[in-house]
Amino acid sequence: MKILVIDDAADARLYVSLLLRRWGYEVLEAEDGHAGLDLLLAQDVRLVICDWMMPGMSGPELCRAVRTTDLGHYAYIILLTGRSDSADLVEGLNAGADDFVTKPFEAQVLRARLRVGERILALEQRLGEQNRDLLESRNRLAQAYDQIQADLATAARIQRQLLPTSDQATSPFRAHWLFLPAAQVSGDSFNFFELTPGLVGFYHLDISGHGVPAALLSVSLSRSLVPGGGPGTAVADFFDPATFLADLNRQLTSRDGEVENYATIAYGTLEKHTGRIRLALAAHPYPLVLRQSGRIDTLQQGGLPVGMFPVVDYQAQEVQLAPGDRLVLYSDGVTECRNRQGEAFGEAQLRASLSFAAQTGLSLTAVLDERLRDWRGPRDFEDDISLLVLERPLTLSGDRLHLRLHSDPAEVAELQPRLLDLCAQAGLDAMAAFKLTTAIVEALNNCIEHAYGGEPGQPIDLEWTRGAEAVAVAIHDEGQPLPARALDPAAPASADAESGRGWQIIHEWTHAVSYQRTNNRNVLTLTYFLS
Amino acid sequence: MNLEHRTQEGVDIVKLPERLMMADAAGARATLKDIIDQGGGKLILDLSATSFMDSSGLAVIVSALQAARKREGDVYLCGMSNTVRALFELTRLQTVFQIFDDETVARRAFTEATASHQQ
């Protein structure tokens with residue numbers, strides 16, 4: 001260990017140097033403070049014994065100089081002083097001295113104090129090394145973090161590429177979507193694809209959790225959720241929504257009963273010619289149907305999540321999309337999106353957004369995008385937000401006619417030739433016109449008989465919409481709800497039964513029938529495709 | 001409801017109107033029942049003027065058949081247009097009624113049926 005001895009008195013220096021050399025130290029000498037400082041800067045010497053009283057730079061002044069100089073390491077300074085006033089001691093310590101030895105000193109006392117200094121220097125050395133290690137670790141972490149961020153960005157890009165790019169597969173129906181992942185990568189996904197020329201399969205999926213594990217499962221599921229995507233994905237497996245979910249569930253549940261990953265999913269099929277949708281749900285938020293009139297219907301909830309229990313039965317439900325209707329599938333990230341105050345966006349606002357879009361004709365996904373972002377504020381989304389909308393277009397090139405009638409068979413009779421005319425104008429041949437007209441007449445009869453119980457003079461509104469592909473006739477009334485059996489398209493039990501043919505005619509002689517009841521109004525919509 | 005009606009060789013022949021719908025149903029049903037009750041139970045319904053019918057119209061014709069059968073008679077239909085025919089076929093009524101091209105053929109059928117019945 002090197003020691004620097006600074007003393008202007010040569011004999012004193014010599015005496016201390018001899019002692020130090022005997023103790024095994026390597027001694028450097030300086031006559032004054034400046035020389036001492038130079039030596040400290042030039043060499044790696046960390047122990048200093050310095051006299052207090054020196055011409056030029058005093059001991060305390062040297063201390064101050066050392067403390068304000070960056071030597072790259074600590075220098076332990078012991079001042080030798082003949083002074084023992086506590087005031088002096090305080091001044092010396094404050095100037096930066098680590099310790100004192102008063103002259104004349106006992107050699108062993110000096111030696112002991114030097115050892116203290118060595119301990120402290122050893123401590124400082126260790127601290128220095130630890131700091132260097134920490135810095136290195138921190139740098140490595142920063143690099144690793146940057147790498148992870150870069151990987152996530154790439155993963156997010158890949159995941160986005162798996163989303164549909166166009167809604168060509170649903171044509172002439174339209175599909176729209178909103179995709180706002182929480183942490184770059186998402187556990188939500190959705191897709192739609194052609195099963196047969198007239199049949200589209202679609203799904204909306206929400207995997208538990210988010211971030212990388214959810215995203216990985218989402219990507220691997222995407223392959224088994226597309227016909228031809230891998231083993232066990234023959235097109236035939238996709239036709240029945242209920243069995244499709246049951247199969248998917250079996251695939252996802254592990255044999256030992258551990259719930260590794262689960263998901264909620266809505267899977268369904270869409271018949272393009274009729275607008276008929278069959279849908280099965282596995283604990284997914286209940287889908288909404290936004291009708292062309294602006295009314296919102298709610299589909300039933302149901303089913304257990306896939307991936308939780310090995311054997312689950314799923315139920316399919318049906319809904320009919322008439323021209324202008326939209327099916328809305330969404331993940332719970334939408335309704336549970338929280339603002340700064342911790343309030344959830346909620347279903348009410350979701351419905352209000354749907355209504356707003358219907359009234360203004362603005363894009364539903366654009367409206368929700370804006371509203372959700374506003375709601376959330378500048379922070380990232382906490383949970384993935386995704387929405388899939390399937391729309392049956394109401395072709396704009398249509399004729400529209402609104403007729404107000406009353407619940408009088410005579411008015412219906414008078415209307416009948418006019419209906420035939422409208423059919424002819426729409427390009428229907430005689431037989432088709434007869435069929436559609438008869439179906440409409442039956443529907444009006446039904447209004448009178450069942451909705452209004454035969455009571456005359458009640459309002460019935462008929463909306464005739466002729467689009468490029470189809471004619472849609474919506475019949476509105478404010479009567480009693482239709483009982484379920486009244487909507488039964490099955491024929492009466494015996495051919496010569498007195499009555500009961502009306503619904504059979506309505507169903508057989510149109511291409512689609514839908515019935516909604518909201519706000520104490522019935523709306524029966526008949527659709528006839530123009531070939 | 002006033003329906004064009006005549007009798008020939010013991011058979012009632014009624015020409016149904018251009019439209020037979022809910023508005024006309026009750027009246028037509030009553031009129032036909034009267035004709036069947038007062039006649040011999042053999043009725044030909046001529047639909048050659050009928051271009052439109054709905055399920056209430058069908059019900060009228062079915063109830064006429066039931067009334068006729070109670071009198072051991074029958075109701076034959078004739079002169080049906082394509083469109084009305086389609087309605088009958090949709091509702092399988094063509095399996096219940098005898099349907100003829102025109103009134104003459106229908107009358108002959110009644111005559112033959114009566115003859116074989118008498119034998």
# chains A, B, ... in the order shown; residues from 1 in each chain; ligands from 1
$ residues_around --residues "Ala155 in chain A" --least-positions-apart "2" --cutoff "9 Å" --atoms "only C-alpha atoms" --output "ChimeraX atom specification"
/A:150-153,157-160,184-185,212,215
$ residues_around --residues "Leu299 in chain A" --least-positions-apart "6" --cutoff "12 Å" --atoms "only C-alpha atoms" --output "PyMOL selection string"
chain A and resi 266+277-281+284-290+316-320+327-329+516
$ write_last_selection --atoms "C-alpha atoms" --output "compact mmCIF listing (two decimals), in the first residue's frame"
# COMPACT_ATOMS: atom_id res chain seq x y z
CA ALA A 266 -68.86 -16.30 -30.58
CA ILE A 277 -77.44 -16.26 -39.01
CA ARG A 278 -76.89 -19.21 -36.72
CA LEU A 279 -74.73 -18.35 -33.77
CA ALA A 280 -73.36 -20.19 -30.75
CA LEU A 281 -71.79 -18.41 -27.80
CA HIS A 284 -69.16 -14.19 -24.93
CA PRO A 285 -70.82 -10.81 -24.34
CA TYR A 286 -74.27 -11.11 -25.85
CA PRO A 287 -74.28 -9.85 -29.40
CA LEU A 288 -76.47 -6.97 -30.47
CA VAL A 289 -78.46 -6.64 -33.64
CA LEU A 290 -78.89 -3.09 -34.88
CA ALA A 316 -77.09 -22.31 -31.36
CA GLN A 317 -79.58 -19.51 -31.82
CA GLU A 318 -80.86 -17.95 -34.99
CA VAL A 319 -81.30 -14.39 -36.03
CA GLN A 320 -82.40 -12.97 -39.33
CA LEU A 327 -74.94 -7.93 -36.18
CA VAL A 328 -72.49 -6.51 -33.62
CA LEU A 329 -70.01 -8.77 -31.83
CA GLN A 516 -89.07 -7.71 -33.98
$ interface_residues --of "chain B" --to "chain A" --cutoff "10 Å" --atoms "only C-alpha atoms" --output "compact mmCIF listing (two decimals) with C-alpha atoms, in the first residue's frame"
# COMPACT_ATOMS: atom_id res chain seq x y z
CA ARG B 19 -110.89 -11.13 -55.36
CA LEU B 20 -111.65 -13.42 -52.47
CA MET B 21 -109.99 -12.00 -49.38
CA MET B 22 -110.61 -11.42 -45.70
CA ALA B 23 -112.96 -8.55 -46.41
CA ASP B 24 -115.26 -10.81 -48.42
CA ALA B 25 -114.78 -13.99 -46.49
CA SER B 51 -107.26 -13.42 -59.96
CA PHE B 52 -106.53 -13.07 -56.30
CA MET B 53 -107.18 -15.11 -53.21
CA ASP B 54 -105.67 -15.26 -49.79
CA SER B 55 -105.89 -17.82 -46.99
CA SER B 56 -109.26 -16.49 -45.88
CA LEU B 58 -109.18 -20.67 -49.14
CA ALA B 59 -110.94 -21.10 -45.83
CA VAL B 60 -114.22 -20.07 -47.44
CA ILE B 61 -113.85 -22.72 -50.11
CA VAL B 62 -112.86 -25.35 -47.55
CA SER B 63 -115.86 -24.55 -45.38
CA LEU B 65 -116.61 -28.32 -49.03
CA GLN B 66 -117.32 -29.35 -45.48
CA ASN B 82 -101.89 -20.43 -62.61
CA THR B 83 -101.42 -18.20 -59.67
CA VAL B 84 -104.44 -19.42 -57.74
CA ALA B 86 -99.97 -22.23 -57.05
CA LEU B 87 -101.73 -21.16 -53.89
CA PHE B 88 -103.71 -24.38 -53.79
CA LEU B 90 -98.62 -24.64 -51.67
CA THR B 91 -101.33 -25.46 -49.19
CA ARG B 92 -101.87 -28.98 -50.60
CA LEU B 93 -105.50 -28.24 -51.26
CA GLN B 94 -105.23 -29.83 -54.65
CA THR B 95 -105.28 -33.15 -52.80
CA VAL B 96 -108.56 -32.25 -51.20
CA PHE B 97 -110.51 -30.81 -54.13
$ closest_residue --among "A:Leu403, A:Ile296, A:Met308, A:Leu216" --to "Ala357 in chain A" --atoms "only C-alpha atoms"
A:Ile296
$ select_by_dssp --residues "chain B" --states "alpha helix (DSSP H)" --output "ChimeraX atom specification"
/B:22-38,55-70,82-90,103-118
$ closest_atom_pairs --of "range 70-125 of chain A" --to "range 13-22 of chain A" --cutoff "12 Å" --atoms "only C-alpha atoms" --output "Markdown table"
| residue | atom | partner | partner_atom | distance |
| --- | --- | --- | --- | --- |
| A:Leu80 | CA | A:Val16 | CA | 10.4 |
| A:Lys103 | CA | A:Val16 | CA | 11.5 |
| A:Pro104 | CA | A:Val16 | CA | 11.4 |
| A:Phe105 | CA | A:Val16 | CA | 10.4 |
| A:Glu106 | CA | A:Leu19 | CA | 11.1 |
| A:Ala107 | CA | A:Leu19 | CA | 7.7 |
| A:Gln108 | CA | A:Leu19 | CA | 10.1 |
| A:Leu110 | CA | A:Leu20 | CA | 9.6 |
| A:Arg111 | CA | A:Leu20 | CA | 8.3 |
| A:Ala112 | CA | A:Leu20 | CA | 12.0 |
| A:Leu114 | CA | A:Leu20 | CA | 9.8 |
| A:Arg115 | CA | A:Leu20 | CA | 11.9 |
$ write_last_selection --atoms "C-alpha atoms" --output "PDB file, in the first residue's frame"
ATOM      1  CA  LEU A  80      -0.620  15.524  11.938  1.00  0.00           C
ATOM      2  CA  LYS A 103       2.113  15.400  17.834  1.00  0.00           C
ATOM      3  CA  PRO A 104       4.059  13.978  19.505  1.00  0.00           C
ATOM      4  CA  PHE A 105       2.342  10.742  18.625  1.00  0.00           C
ATOM      5  CA  GLU A 106       2.669   7.206  19.725  1.00  0.00           C
ATOM      6  CA  ALA A 107       3.731   5.066  16.796  1.00  0.00           C
ATOM      7  CA  GLN A 108       1.168   2.340  17.496  1.00  0.00           C
ATOM      8  CA  LEU A 110      -0.589   6.103  14.136  1.00  0.00           C
ATOM      9  CA  ARG A 111      -0.351   2.572  12.893  1.00  0.00           C
ATOM     10  CA  ALA A 112      -3.790   1.704  14.238  1.00  0.00           C
ATOM     11  CA  LEU A 114      -3.663   3.915   9.364  1.00  0.00           C
ATOM     12  CA  ARG A 115      -5.327   0.520   9.504  1.00  0.00           C
TER      13      ARG A 115
END
